[in-house]
There are 2 protein chains.
Amino acid sequence: MNPFSAYDSGTCSIARTMELIGDRWTILVLRDVANGVRRFDELAGHLGIARNVLSSRLARLSDAGLVERTAYREPGARERLEYRLTGPGRELIPVLIVIMQWGDRHLSGPEGPPVVVRHDDCGAPVRTTLTCAEGHELGDRPRLRLEPGPGSRVRSS
Amino acid sequence: MNPFSAYDSGTCSIARTMELIGDRWTILVLRDVANGVRRFDELAGHLGIARNVLSSRLARLSDAGLVERTAYREPGARERLEYRLTGPGRELIPVLIVIMQWGDRHLSGPEGPPVVVRHDDCGAPVRTTLTCAEGHELGDRPRLRLEPGPGSRVRSS
DNA sequence: CATCTGAGTTGTTTATTGAAACCCAGATGA
DNA sequence: TCATCTGGGTTTCAATAAACAACTCAGATG
């Protein structure tokens with residue numbers, strides 16, 4: 001029996017994470033917020049998302065602590081709200097980058113990738129790599145072994 | 001103007017990729033297929049996904065070339081189909097791993113992660129890291145700069 | 001006091017999901 | 001030979017979520 005089929009889907013970190021961010025819009029909302037699009041109308045306009053859907057996505061992200069609503073006031077305007085990534089939210093940036101990297105490789109035309117991400121300190125392009133604790137780099141099509149971890153739970157049914 | 005708001009969402013590798021795998025089920029289907037759950041009924045049973053939805057997800061993944069249907073025959077049974085990741089499909093494994101890593105850190109209880117992924121060659125646990133071409137390791141909350149790439153396109157509207 | 005603006009909410013229509021029934025073809029057994 | 005089983009799906013129809021448009025609300029602004 002393979003390592004996954006013995007453990008149910010609800011006990012999987014991928015399943016849990018996808019419950020939070022696994023719909024058509026949430027990742028794109030996070031992408032925009034990560035890139036400094038912070039205001040409701042800006043987000044709605046840039047994404048082309050329906051306002052009620054944006055509202056509910058932001059509420060979910062905010063409840064989950066990935067995004068925080070903070071008040072700001074521009075001179076001569078009343079107080080407004082903006083959205084920023086929290087610490088846990090910023091830790092999702094690598095997820096965005098791996099997804100982008102895959103899309104760059106497999107879904108961008110001959111012109112090449114639409115956006116390049118660079119290390120802000122040195123200007124060099126950024127990429128994600130899979131490494132093991134022994135320091136081996138695993139490449140694109142890694143050979144992996146799965147094992148039940150400490151939080152595993154045998155499927156009840 | 002920030003680097004994203006000047007370029008429309010459709011020209012973004014994240015948006016393109018999410019069109020393919022950005023729904024509640026597709027990532028989980030890929031996770032299971034990556035882990036050797038290859039048959040329709042096994043997938044349906046393990047995931048708890050509706051069969052029509054599984055059917056349409058597999059069709060989309062197969063059309064996109066992430067998964068291939070291959071025939072096999074067990075002794076004394078008729079020919080059947082199974083699903084396997086293609087090369088591009090296997091290249092999504094790092095995406096699964098970063099997502100899992102985030103979930104392990106932020107959504108698993110005090111018991112720890114439900115599943116541990118190891119390098120099959122050496123047995124050491126695997127993780128993803130963000131590095132730049134200069135070799136700097138960027139950590140969890142990287143400081144990044146975005147630039148239009150060669151495939152960028154100014155938003156028409 | 002009427003109007004504008006950002007930030008949503010409400011109501012209605014349309015598209016997606018989910019559950020269950022049904023179909024099909026090739027074994028299998030009576 | 002005929003009925004039944006099994007894996008691998010499709011079809012149908014009710015329930016859920018998303019899209020779109022209109023409306024609200026509160027604090028500037030003229």
# chains A, B, ... in the order shown; residues from 1 in each chain; ligands from 1
call {"tool": "closest_atom_pairs", "arguments": {"of": "chain D", "to": "chain A", "cutoff": "8 Å", "atoms": "only C-alpha atoms (C1' of nucleotides)", "output": "Markdown table"}}
result
| residue | atom | partner | partner_atom | distance |
| --- | --- | --- | --- | --- |
| D:DA18 | C1' | A:Val53 | CA | 7.3 |
| D:DA19 | C1' | A:Ala50 | CA | 6.3 |
| D:DC20 | C1' | A:Ala50 | CA | 7.5 |
| D:DG27 | C1' | A:Arg78 | CA | 5.9 |
| D:DA28 | C1' | A:Ala77 | CA | 6.1 |
call {"tool": "closest_atom_pairs", "arguments": {"of": "chain C", "to": "chain B", "cutoff": "8 Å", "atoms": "only C-alpha atoms (C1' of nucleotides)", "output": "tab-separated table"}}
result
residue	atom	partner	partner_atom	distance
C:DT17	C1'	B:Val53	CA	7.6
C:DG18	C1'	B:Ala50	CA	6.0
C:DA19	C1'	B:Ala50	CA	7.6
C:DG26	C1'	B:Arg78	CA	5.9
C:DA27	C1'	B:Ala77	CA	6.3
call {"tool": "write_last_selection", "arguments": {"atoms": "C-alpha atoms (C1' of nucleotides)", "output": "mmCIF file, in the first residue's frame"}}
result
data_model
loop_
_atom_site.group_PDB
_atom_site.id
_atom_site.type_symbol
_atom_site.label_atom_id
_atom_site.label_comp_id
_atom_site.auth_asym_id
_atom_site.auth_seq_id
_atom_site.Cartn_x
_atom_site.Cartn_y
_atom_site.Cartn_z
ATOM 1 C "C1'" DT C 17 -20.067 20.780 -7.878
ATOM 2 C "C1'" DG C 18 -21.869 16.767 -5.811
ATOM 3 C "C1'" DA C 19 -24.701 12.495 -5.446
ATOM 4 C "C1'" DG C 26 -14.910 -7.741 -21.206
ATOM 5 C "C1'" DA C 27 -14.295 -11.493 -17.643
#
call {"tool": "calpha_fit_rmsd", "arguments": {"fixed": "chain B", "moving": "chain A"}}
result
0.1 Å
call {"tool": "interface_residues", "arguments": {"of": "chain B", "to": "chain A", "cutoff": "6 Å", "atoms": "only C-alpha atoms", "output": "ChimeraX atom specification"}}
result
/B:13-14,17,22-24,90-91,95,98-100,103-104,111-120,124-133,140-141,143-152
call {"tool": "residues_around", "arguments": {"residues": "Arg69 (chain B)", "least_positions_apart": "2", "cutoff": "9 Å", "atoms": "only C-alpha atoms (C1' of nucleotides)", "output": "list in words"}}
result
Ser62, Val67, Ala71, Leu81, Glu82, Tyr83 and Arg84 of chain B
call {"tool": "residues_around", "arguments": {"residues": "region 1-8 of chain D", "least_positions_apart": "5", "cutoff": "9 Å", "atoms": "only C-alpha atoms (C1' of nucleotides)", "output": "VMD selection string"}}
result
(chain B and resid 39 to 41 80 to 81) or (chain C and resid 27 to 30)
call {"tool": "write_last_selection", "arguments": {"atoms": "C-alpha atoms (C1' of nucleotides)", "output": "mmCIF file, in the first residue's frame"}}
result
data_model
loop_
_atom_site.group_PDB
_atom_site.id
_atom_site.type_symbol
_atom_site.label_atom_id
_atom_site.label_comp_id
_atom_site.auth_asym_id
_atom_site.auth_seq_id
_atom_site.Cartn_x
_atom_site.Cartn_y
_atom_site.Cartn_z
ATOM 1 C CA ARG B 39 -6.710 4.180 -11.206
ATOM 2 C CA PHE B 40 -9.977 5.977 -11.554
ATOM 3 C CA ASP B 41 -11.768 4.134 -8.794
ATOM 4 C CA ARG B 80 -7.697 -1.095 -18.289
ATOM 5 C CA LEU B 81 -6.451 2.446 -18.139
ATOM 6 C "C1'" DA C 27 -14.295 -11.493 -17.643
ATOM 7 C "C1'" DT C 28 -16.668 -15.147 -14.808
ATOM 8 C "C1'" DG C 29 -19.811 -18.595 -13.229
ATOM 9 C "C1'" DA C 30 -24.153 -21.517 -13.469
#
call {"tool": "select_by_dssp", "arguments": {"residues": "chain B", "states": "alpha helix (DSSP H)", "output": "ChimeraX atom specification"}}
result
/B:13-21,26-34,40-47,51-63,87-90,93-107
call {"tool": "atom_distance", "arguments": {"atom1": "CA of Thr86 (chain B)", "atom2": "CA of Gly65 (chain B)"}}
result
6.8 Å
call {"tool": "atom_distance", "arguments": {"atom1": "C1' of DA15 (chain C)", "atom2": "CA of Ser55 (chain A)"}}
result
19.8 Å
call {"tool": "atom_distance", "arguments": {"atom1": "C1' of DT9 (chain C)", "atom2": "CA of Val29 (chain A)"}}
result
19.9 Å
call {"tool": "select_by_dssp", "arguments": {"residues": "chain B", "states": "strand (DSSP E or B)", "output": "PyMOL selection string"}}
result
chain B and resi 7+67-73+79-85+115-119+125-132+137+144-148+154
call {"tool": "residues_around", "arguments": {"residues": "DC22 (chain C)", "least_positions_apart": "3", "cutoff": "10 Å", "atoms": "only C-alpha atoms (C1' of nucleotides)", "output": "ChimeraX atom specification"}}
result
/D:10-12
call {"tool": "write_last_selection", "arguments": {"atoms": "C-alpha atoms (C1' of nucleotides)", "output": "PDB file, in the first residue's frame"}}
result
ATOM      1  C1'  DT D  10     -21.395   9.545 -18.652  1.00  0.00           C
ATOM      2  C1'  DT D  11     -25.917  11.501 -17.727  1.00  0.00           C
ATOM      3  C1'  DT D  12     -29.152  13.728 -14.955  1.00  0.00           C
TER       4       DT D  12
END
call {"tool": "decode", "arguments": {"residues": "chain C", "atoms": "C-alpha atoms (C1' of nucleotides)", "output": "compact mmCIF listing (two decimals), in the first residue's frame"}}
result
# COMPACT_ATOMS: atom_id res chain seq x y z
C1' DC C 1 -27.27 70.17 1.37
C1' DA C 2 -26.10 67.55 -2.82
C1' DT C 3 -22.38 65.03 -4.68
C1' DC C 4 -18.20 62.17 -4.95
C1' DT C 5 -15.32 58.16 -3.53
C1' DG C 6 -13.65 53.97 -1.47
C1' DA C 7 -15.22 49.98 0.45
C1' DG C 8 -18.04 47.06 0.67
C1' DT C 9 -23.31 44.40 0.79
C1' DT C 10 -27.56 42.63 -1.41
C1' DG C 11 -30.14 40.49 -4.94
C1' DT C 12 -30.43 37.96 -9.19
C1' DT C 13 -28.66 35.14 -12.95
C1' DT C 14 -25.43 31.79 -14.52
C1' DA C 15 -21.85 28.29 -14.07
C1' DT C 16 -19.69 24.49 -11.15
C1' DT C 17 -20.07 20.78 -7.88
C1' DG C 18 -21.87 16.77 -5.81
C1' DA C 19 -24.70 12.49 -5.45
C1' DA C 20 -26.65 8.95 -7.51
C1' DA C 21 -28.24 6.45 -11.27
C1' DC C 22 -27.11 4.61 -15.51
C1' DC C 23 -24.11 2.58 -19.40
C1' DC C 24 -20.62 -0.30 -21.62
C1' DA C 25 -17.33 -3.98 -22.44
C1' DG C 26 -14.91 -7.74 -21.21
C1' DA C 27 -14.29 -11.49 -17.64
C1' DT C 28 -16.67 -15.15 -14.81
C1' DG C 29 -19.81 -18.60 -13.23
C1' DA C 30 -24.15 -21.52 -13.47
